[in-house]
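S.K.: See entry02.cif below, with mmCIF, C-alpha atoms.
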```
data_run
loop_
_atom_site.label_atom_id
_atom_site.label_comp_id
_atom_site.auth_asym_id
_atom_site.auth_seq_id
_atom_site.Cartn_x
_atom_site.Cartn_y
_atom_site.Cartn_z
CA MET X 497 -32.41 57.40 23.41
CA ASN X 498 -31.31 53.80 23.22
CA THR X 499 -31.54 52.04 19.91
CA LEU X 500 -31.82 48.34 19.37
CA ALA X 501 -29.95 46.70 16.57
CA VAL X 502 -32.24 44.68 14.46
CA ILE X 503 -30.67 41.51 13.07
CA PRO X 504 -32.24 40.53 9.80
CA PRO X 505 -33.50 36.97 9.66
CA LEU X 506 -31.46 34.43 7.78
CA SER X 507 -32.59 33.72 4.28
CA PRO X 508 -34.08 30.28 3.71
CA SER X 509 -31.05 29.28 1.64
CA ALA X 510 -28.64 30.33 4.41
CA ALA X 511 -30.56 28.43 7.08
CA GLN X 512 -30.51 25.18 5.17
CA PRO X 513 -27.50 22.85 5.54
CA ARG X 514 -25.19 22.54 2.60
CA PRO X 515 -25.93 19.49 0.47
CA ARG X 516 -23.56 16.55 0.68
CA LEU X 517 -21.19 15.95 -2.17
CA ARG X 518 -22.56 13.39 -4.56
CA GLY X 519 -20.94 10.55 -6.42
CA LEU X 520 -17.20 10.19 -6.03
CA THR X 521 -16.52 13.91 -5.66
CA ALA X 522 -15.33 13.59 -2.06
CA GLU X 523 -13.05 10.68 -2.94
CA ALA X 524 -11.57 12.65 -5.86
CA VAL X 525 -10.91 15.61 -3.55
CA PHE X 526 -9.09 13.44 -1.02
CA VAL X 527 -7.10 11.64 -3.71
CA GLY X 528 -5.88 15.02 -4.94
CA ARG X 529 -5.07 16.04 -1.37
CA SER X 530 -3.03 12.89 -0.77
CA LEU X 531 -1.17 13.26 -4.06
CA ARG X 532 -0.26 16.86 -3.19
CA HIS X 533 1.03 15.67 0.17
CA SER X 534 3.11 13.04 -1.65
CA LEU X 535 4.69 15.70 -3.84
CA ARG X 536 5.57 17.74 -0.75
CA ASP X 537 6.96 14.62 0.93
CA GLY X 538 9.18 13.60 -1.95
CA GLU X 539 11.63 11.87 0.38
CA SER X 540 9.12 9.11 1.16
CA LEU X 541 8.45 8.43 -2.52
CA LEU X 542 12.17 8.54 -3.28
CA MET X 543 12.99 6.08 -0.49
CA ALA X 544 10.16 3.78 -1.59
CA ILE X 545 12.00 3.50 -4.92
CA LEU X 546 15.62 3.66 -3.79
CA LEU X 547 15.43 1.02 -1.06
CA PRO X 548 14.05 -1.76 -3.33
CA VAL X 549 16.48 -0.77 -6.07
CA MET X 550 19.39 -0.95 -3.62
CA LEU X 551 18.13 -4.34 -2.41
CA MET X 552 17.96 -5.58 -5.98
CA LEU X 553 21.50 -4.39 -6.74
CA MET X 554 22.78 -5.92 -3.50
CA PHE X 555 21.11 -9.31 -4.07
CA THR X 556 22.12 -9.34 -7.73
CA TRP X 557 25.71 -8.12 -7.56
CA VAL X 558 26.76 -9.01 -4.00
CA PHE X 559 24.87 -12.19 -3.09
CA GLY X 560 23.71 -13.33 -6.53
CA GLY X 561 27.00 -14.95 -7.50
CA ALA X 562 27.00 -17.08 -4.37
CA ILE X 563 23.32 -18.02 -4.66
CA ASP X 564 23.39 -18.76 -8.40
CA PRO X 565 26.83 -18.66 -10.08
CA SER X 566 25.20 -18.87 -13.52
CA GLY X 567 24.08 -15.23 -13.25
CA ALA X 568 20.38 -16.06 -13.61
CA TYR X 569 19.53 -15.03 -10.06
CA VAL X 570 18.31 -11.63 -11.26
CA ASP X 571 15.39 -13.34 -13.03
CA TYR X 572 14.47 -15.04 -9.77
CA VAL X 573 14.80 -12.06 -7.45
CA VAL X 574 13.02 -9.29 -9.40
CA PRO X 575 9.49 -10.56 -8.52
CA GLY X 576 10.44 -10.47 -4.84
CA ILE X 577 11.80 -6.96 -5.19
CA ILE X 578 8.51 -5.89 -6.79
CA LEU X 579 6.57 -6.98 -3.69
CA THR X 580 9.17 -5.41 -1.42
CA CYS X 581 8.79 -2.15 -3.34
CA ALA X 582 5.01 -2.30 -2.88
CA GLY X 583 5.43 -2.87 0.84
CA PHE X 584 7.80 0.05 1.32
CA GLY X 585 5.52 2.36 -0.65
CA ALA X 586 2.33 1.29 1.10
CA SER X 587 3.81 1.58 4.59
CA SER X 588 3.80 5.38 4.40
CA THR X 589 -0.01 5.25 4.25
CA ALA X 590 -0.13 4.14 7.89
CA VAL X 591 1.88 7.21 8.91
CA TYR X 592 -0.29 9.59 6.86
CA VAL X 593 -3.53 8.20 8.31
CA ALA X 594 -2.19 8.25 11.89
CA ASN X 595 -1.06 11.83 11.41
CA ASP X 596 -4.54 12.85 10.20
CA MET X 597 -6.05 11.27 13.30
CA ARG X 598 -3.58 12.99 15.63
CA THR X 599 -3.85 16.49 14.15
CA GLY X 600 -7.65 16.52 14.36
CA ILE X 601 -8.24 17.15 10.67
CA ILE X 602 -10.74 14.28 10.72
CA ASP X 603 -12.89 16.34 13.12
CA ARG X 604 -13.07 19.13 10.57
CA PHE X 605 -13.98 16.71 7.81
CA ARG X 606 -16.82 15.35 9.92
CA THR X 607 -18.39 18.83 10.13
CA MET X 608 -18.40 19.19 6.35
CA PRO X 609 -21.10 17.92 3.99
CA LEU X 610 -19.01 14.98 2.78
CA ARG X 611 -18.21 11.42 3.72
CA ALA X 612 -15.36 11.78 6.19
CA GLY X 613 -14.43 8.15 5.54
CA ALA X 614 -13.50 9.19 2.00
CA VAL X 615 -10.21 10.38 3.46
CA LEU X 616 -9.14 6.73 3.75
CA THR X 617 -10.06 6.11 0.12
CA GLY X 618 -8.00 9.15 -0.85
CA HIS X 619 -4.94 7.84 0.96
CA VAL X 620 -5.32 4.36 -0.51
CA VAL X 621 -5.86 5.43 -4.14
CA ALA X 622 -2.99 7.91 -3.99
CA SER X 623 -0.73 5.20 -2.57
CA LEU X 624 -1.83 2.84 -5.35
CA LEU X 625 -0.82 5.38 -7.99
CA ARG X 626 2.51 6.09 -6.29
CA ASN X 627 3.31 2.40 -5.96
CA LEU X 628 2.48 1.59 -9.58
CA ILE X 629 4.94 4.28 -10.66
CA ALA X 630 7.59 2.97 -8.26
CA THR X 631 7.01 -0.61 -9.46
CA THR X 632 7.49 0.46 -13.06
CA VAL X 633 10.79 2.10 -12.15
CA VAL X 634 11.95 -1.01 -10.29
CA ILE X 635 11.14 -3.27 -13.25
CA GLY X 636 13.00 -0.86 -15.54
CA VAL X 637 16.08 -0.96 -13.31
CA GLY X 638 15.84 -4.74 -13.22
CA ILE X 639 15.96 -4.85 -17.01
CA LEU X 640 19.03 -2.59 -16.94
CA VAL X 641 20.89 -5.02 -14.64
CA GLY X 642 20.05 -8.08 -16.73
CA PHE X 643 16.46 -9.09 -16.03
CA ARG X 644 14.88 -10.52 -19.17
CA PRO X 645 11.11 -11.12 -18.79
CA GLU X 646 9.40 -13.56 -21.17
CA ALA X 647 5.85 -12.33 -20.59
CA SER X 648 3.39 -11.90 -23.45
CA PHE X 649 1.09 -8.90 -23.69
CA ALA X 650 -1.70 -10.81 -21.95
CA GLN X 651 0.67 -11.86 -19.19
CA TRP X 652 1.80 -8.26 -18.71
CA VAL X 653 -1.86 -7.23 -18.34
CA ALA X 654 -2.46 -10.02 -15.83
CA LEU X 655 0.72 -9.01 -13.99
CA ALA X 656 -0.41 -5.40 -13.74
CA GLY X 657 -3.79 -6.51 -12.42
CA LEU X 658 -2.27 -8.78 -9.77
CA ILE X 659 0.25 -6.18 -8.62
CA ALA X 660 -2.48 -3.51 -8.43
CA LEU X 661 -4.70 -5.87 -6.42
CA TYR X 662 -1.85 -6.68 -4.03
CA ILE X 663 -0.95 -3.01 -3.59
CA LEU X 664 -4.60 -2.16 -2.96
CA ALA X 665 -4.93 -4.89 -0.34
CA ILE X 666 -1.74 -4.10 1.54
CA THR X 667 -2.36 -0.34 1.39
CA TYR X 668 -5.81 -0.74 2.95
CA LEU X 669 -4.16 -2.90 5.60
CA PHE X 670 -1.59 -0.20 6.34
CA ALA X 671 -4.38 2.40 6.45
CA ALA X 672 -6.15 0.31 9.10
CA ILE X 673 -2.88 0.03 11.02
CA GLY X 674 -2.62 3.82 10.91
CA LEU X 675 -6.08 4.05 12.46
CA ALA X 676 -5.26 1.48 15.13
CA ALA X 677 -1.93 3.07 16.12
CA GLY X 678 -1.82 5.81 18.71
CA SER X 679 0.72 7.93 16.84
CA PRO X 680 2.50 8.18 13.46
CA GLU X 681 5.61 6.76 15.12
CA GLY X 682 3.67 3.75 16.36
CA ALA X 683 2.06 3.25 12.95
CA ASN X 684 5.50 3.25 11.36
CA GLY X 685 6.74 0.63 13.83
CA TYR X 686 3.74 -1.68 13.47
CA GLY X 687 3.83 -1.43 9.69
CA PHE X 688 7.54 -2.18 9.60
CA VAL X 689 6.84 -5.68 10.92
CA LEU X 690 4.86 -6.53 7.77
CA LEU X 691 7.82 -5.56 5.59
CA PHE X 692 9.66 -8.67 6.80
CA LEU X 693 7.13 -11.09 5.27
CA PRO X 694 8.84 -11.22 1.83
CA TYR X 695 12.04 -12.43 3.52
CA LEU X 696 10.12 -15.40 4.96
CA SER X 697 8.79 -16.46 1.58
CA SER X 698 10.07 -17.64 -1.78
CA ALA X 699 10.83 -14.06 -2.80
CA PHE X 700 14.61 -14.32 -2.44
CA VAL X 701 15.40 -18.03 -2.07
CA PRO X 702 13.42 -21.22 -2.79
CA VAL X 703 11.37 -22.52 0.10
CA ALA X 704 13.11 -25.90 -0.20
CA SER X 705 16.43 -24.29 0.79
CA MET X 706 15.06 -23.17 4.18
CA PRO X 707 15.24 -25.20 7.42
CA ASP X 708 12.62 -27.93 7.68
CA TRP X 709 10.75 -26.22 10.53
CA LEU X 710 10.51 -22.95 8.56
CA GLN X 711 9.36 -24.41 5.24
CA PRO X 712 5.66 -24.82 6.20
CA VAL X 713 5.53 -21.21 7.40
CA ALA X 714 7.13 -19.89 4.22
CA ALA X 715 5.03 -22.08 1.94
CA HIS X 716 1.67 -21.18 3.44
CA GLN X 717 2.00 -17.47 4.12
CA PRO X 718 0.37 -15.01 1.64
CA ILE X 719 3.54 -13.65 0.00
CA THR X 720 4.79 -16.98 -1.38
CA PRO X 721 1.88 -17.73 -3.79
CA ILE X 722 1.76 -14.08 -4.85
CA VAL X 723 5.46 -13.88 -5.66
CA ASP X 724 5.39 -17.30 -7.36
CA THR X 725 2.53 -16.12 -9.57
CA ILE X 726 4.37 -12.90 -10.46
CA ARG X 727 7.46 -14.97 -11.25
CA GLY X 728 5.38 -17.30 -13.40
CA LEU X 729 3.87 -14.42 -15.39
CA LEU X 730 7.27 -12.82 -15.99
CA THR X 731 9.37 -15.91 -16.69
CA ALA X 732 6.85 -18.39 -18.14
CA ALA X 733 7.04 -20.55 -15.00
CA PRO X 734 4.01 -22.61 -13.88
CA LEU X 735 1.04 -20.64 -12.53
CA ASP X 736 -0.23 -23.26 -10.11
CA ALA X 737 -0.30 -20.73 -7.27
CA ALA X 738 -2.38 -18.13 -9.14
CA PRO X 739 -5.74 -18.98 -7.48
CA TRP X 740 -4.12 -18.79 -4.05
CA ALA X 741 -2.46 -15.49 -4.93
CA VAL X 742 -5.74 -13.86 -5.96
CA GLY X 743 -7.56 -15.43 -3.02
CA TRP X 744 -5.04 -14.13 -0.49
CA CYS X 745 -5.18 -10.61 -1.98
CA LEU X 746 -8.99 -10.56 -1.83
CA ALA X 747 -9.01 -11.95 1.71
CA ILE X 748 -6.50 -9.35 2.94
CA LEU X 749 -8.46 -6.59 1.18
CA ALA X 750 -11.78 -7.67 2.68
CA PHE X 751 -10.30 -7.94 6.18
CA ALA X 752 -8.53 -4.57 5.90
CA VAL X 753 -11.63 -2.76 4.61
CA LEU X 754 -13.85 -4.18 7.36
CA TRP X 755 -11.29 -3.56 10.08
CA GLY X 756 -10.51 -0.06 8.82
CA SER X 757 -14.20 0.88 8.57
CA TRP X 758 -14.85 -0.35 12.11
CA LEU X 759 -11.82 1.51 13.48
CA PHE X 760 -12.76 4.72 11.67
CA ARG X 761 -16.32 4.72 13.01
CA ARG X 762 -15.07 3.91 16.50
CA LYS X 763 -12.14 6.33 16.70
CA ALA X 764 -13.50 9.21 14.65
CA GLY X 765 -16.80 9.03 16.53
CA GLN X 766 -15.02 9.42 19.86
CA ARG X 767 -13.12 12.55 18.92
#
```
Please render this file's structure as C-alpha cells.
M.R.:
Amino acid sequence: MNTLAVIPPLSPSAAQPRPRLRGLTAEAVFVGRSLRHSLRDGESLLMAILLPVMLMLMFTWVFGGAIDPSGAYVDYVVPGIILTCAGFGASSTAVYVANDMRTGIIDRFRTMPLRAGAVLTGHVVASLLRNLIATTVVIGVGILVGFRPEASFAQWVALAGLIALYILAITYLFAAIGLAAGSPEGANGYGFVLLFLPYLSSAFVPVASMPDWLQPVAAHQPITPIVDTIRGLLTAAPLDAAPWAVGWCLAILAFAVLWGSWLFRRKAGQR
C-alpha cells in the first residue's frame, strides 16, 4: 500500500519574512566587516602609511635643501603629505567596492533583511578610521624629522575636523569610482589619477613658483585651499582659504554621495 508523506504546514512565524535591521545595525555590521578585511589586507594599510612617509623623507632630505636651504621646508611640506596620505589610504576603497560588485556578494546582501547600500557606508567609515590612524602616524614621523607645529588645542581640534571631512569626502568619491569601474583593476587605475592632484597644488611648492599658464589651475583646484588651511592651522599662517576648503569638501561629499547612490541603485538593481 502506497503512503503519502504529509508535510506539516509552516508555522506563522516561519512564513513571515524576517524583519529588517533597525537603526544603524546594518552599518555597524558592514563597518566591522570592512575593518576585518583591512586587517587581513595589512599590505594596503602598510603601503598607505609607508608611501607618504617615504615621500616626506624624500622631499625633506633629498629635495628640501634645494627648495629651501634654511631647512624649514619640512614645515611647508607636511600638510601636503597629510593629504597625500589620505589619498593613498582612500584609494583602496575603490578596489574593495569594485571587488564586492564583481564577486556578487551584493546580490546576497540584497536578499537579506538589511539595507544593501549600507555596504558602502561600511567601506567609507572603515576607510575613515584607517586614514585617521595613518595620518596620525605621518604627523608623528614629521615631528621626528623636524616638523614643529604651532597649533593650539582649538586649532588641533579644527585640524582633525577638516582632515576627517576631507577623508570622508574623498573616500565616498573613491567608493563611487569603485561602483562605476568594471573591475577592481579599473577602479585602481581610475582612482590613481586623483592621487596626482596634490602635485598640481600648493602642497609641495608655492603656486607662484609654477609656470604662468599652470598657476590658475593650481590656485583654483580643491586641494590648494584645503592644504593651505591645514598649513595655516599647523603653522599659524593666515586662514583666508578656510571657507573654500570646507566648501570644496562639502561639495565633493555631496556629489560623491549622490553619484554613488545612483550608481548603486542602477548597478545593483541590474544584477
S.K.: Using only C-alpha atoms, can you tell me which of X:Leu655, X:Ile578, X:Ile673, X:Ala660 comes closest to X:Ala732?
M.R.: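 Nearest candidate to X:Ala732 out of X:Leu655, X:Ile578, X:Ile673, X:Ala660: X:Leu655.
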S.K.: Give me, as a list in words, all polymer residues having an atom no more than 7 Å from X:Tyr668, counting all atoms listed in the file and skipping those fewer than 4 positions away in the same chain.
M.R.: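 Skipping anything fewer than 4 positions along the chain leaves Val620, Leu664, Ala672, Leu749, Ala752 and Val753 of chain X.
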S.K.: Output the residue selection produced by the PyMOL selection byres ((chain X and resi 587) around 10) on the file above, formatted as a list in words.
M.R.: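 This file gives the following for the PyMOL selection byres ((chain X and resi 587) around 10): Ser540, Ala544, Ala582, Gly583, Phe584, Gly585, Ala586, Ser588, Thr589, Ala590, Val591, Tyr592, Ser623, Ile666, Thr667, Leu669, Phe670, Ala671, Ile673, Gly674, Ala683, Asn684, Gly685, Tyr686, Gly687, Phe688, Leu690 and Leu691 of chain X.
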S.K.: Near stretch 741-746 of chain X, counting all atoms listed in the file, which residues have an atom at most 10 Å away, once you skip same-chain residues fewer than 4 positions from it, shown as a ChimeraX atom specification?
M.R.: /X:657-666,717-726,735-737,750-752
S.K.: Around (19.5, -15.9, -9.2) in the file's frame, which residues reach within 12 Å when counting only C-alpha atoms? Return as a compact mmCIF listing (two decimals) with C-alpha atoms, in the coordinates of the input?
M.R.:
```
# COMPACT_ATOMS: atom_id res chain seq x y z
CA MET X 552 17.96 -5.58 -5.98
CA LEU X 553 21.50 -4.39 -6.74
CA MET X 554 22.78 -5.92 -3.50
CA PHE X 555 21.11 -9.31 -4.07
CA THR X 556 22.12 -9.34 -7.73
CA TRP X 557 25.71 -8.12 -7.56
CA VAL X 558 26.76 -9.01 -4.00
CA PHE X 559 24.87 -12.19 -3.09
CA GLY X 560 23.71 -13.33 -6.53
CA GLY X 561 27.00 -14.95 -7.50
CA ALA X 562 27.00 -17.08 -4.37
CA ILE X 563 23.32 -18.02 -4.66
CA ASP X 564 23.39 -18.76 -8.40
CA PRO X 565 26.83 -18.66 -10.08
CA SER X 566 25.20 -18.87 -13.52
CA GLY X 567 24.08 -15.23 -13.25
CA ALA X 568 20.38 -16.06 -13.61
CA TYR X 569 19.53 -15.03 -10.06
CA VAL X 570 18.31 -11.63 -11.26
CA ASP X 571 15.39 -13.34 -13.03
CA TYR X 572 14.47 -15.04 -9.77
CA VAL X 573 14.80 -12.06 -7.45
CA VAL X 574 13.02 -9.29 -9.40
CA PRO X 575 9.49 -10.56 -8.52
CA GLY X 576 10.44 -10.47 -4.84
CA GLY X 642 20.05 -8.08 -16.73
CA PHE X 643 16.46 -9.09 -16.03
CA ALA X 699 10.83 -14.06 -2.80
CA PHE X 700 14.61 -14.32 -2.44
CA VAL X 701 15.40 -18.03 -2.07
CA PRO X 702 13.42 -21.22 -2.79
```
S.K.: Tell me which of X:Ala677, X:Ile629, X:Leu579, X:Ser648 sits closest to X:Asn595, counting all atoms listed in the file.
M.R.: X:Ala677
S.K.: Record the distance separating atom CA of X:Met597 and atom CA of X:Leu675, expressed in Å with one decimal.
M.R.: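 It comes out at 7.3 Å.
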S.K.: Just give me the gap between atom CA of X:Val615 and atom CA of X:Met543 in Å, one decimal is fine.
M.R.: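 For atom CA of X:Val615 relative to atom CA of X:Met543, the distance reads 23.9 Å.
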S.K.: Please compute the atom CA of X:Ile635-atom CA of X:Ala715 distance, one decimal, in Å.
M.R.: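 Between atom CA of X:Ile635 and atom CA of X:Ala715 the gap works out to 24.9 Å.
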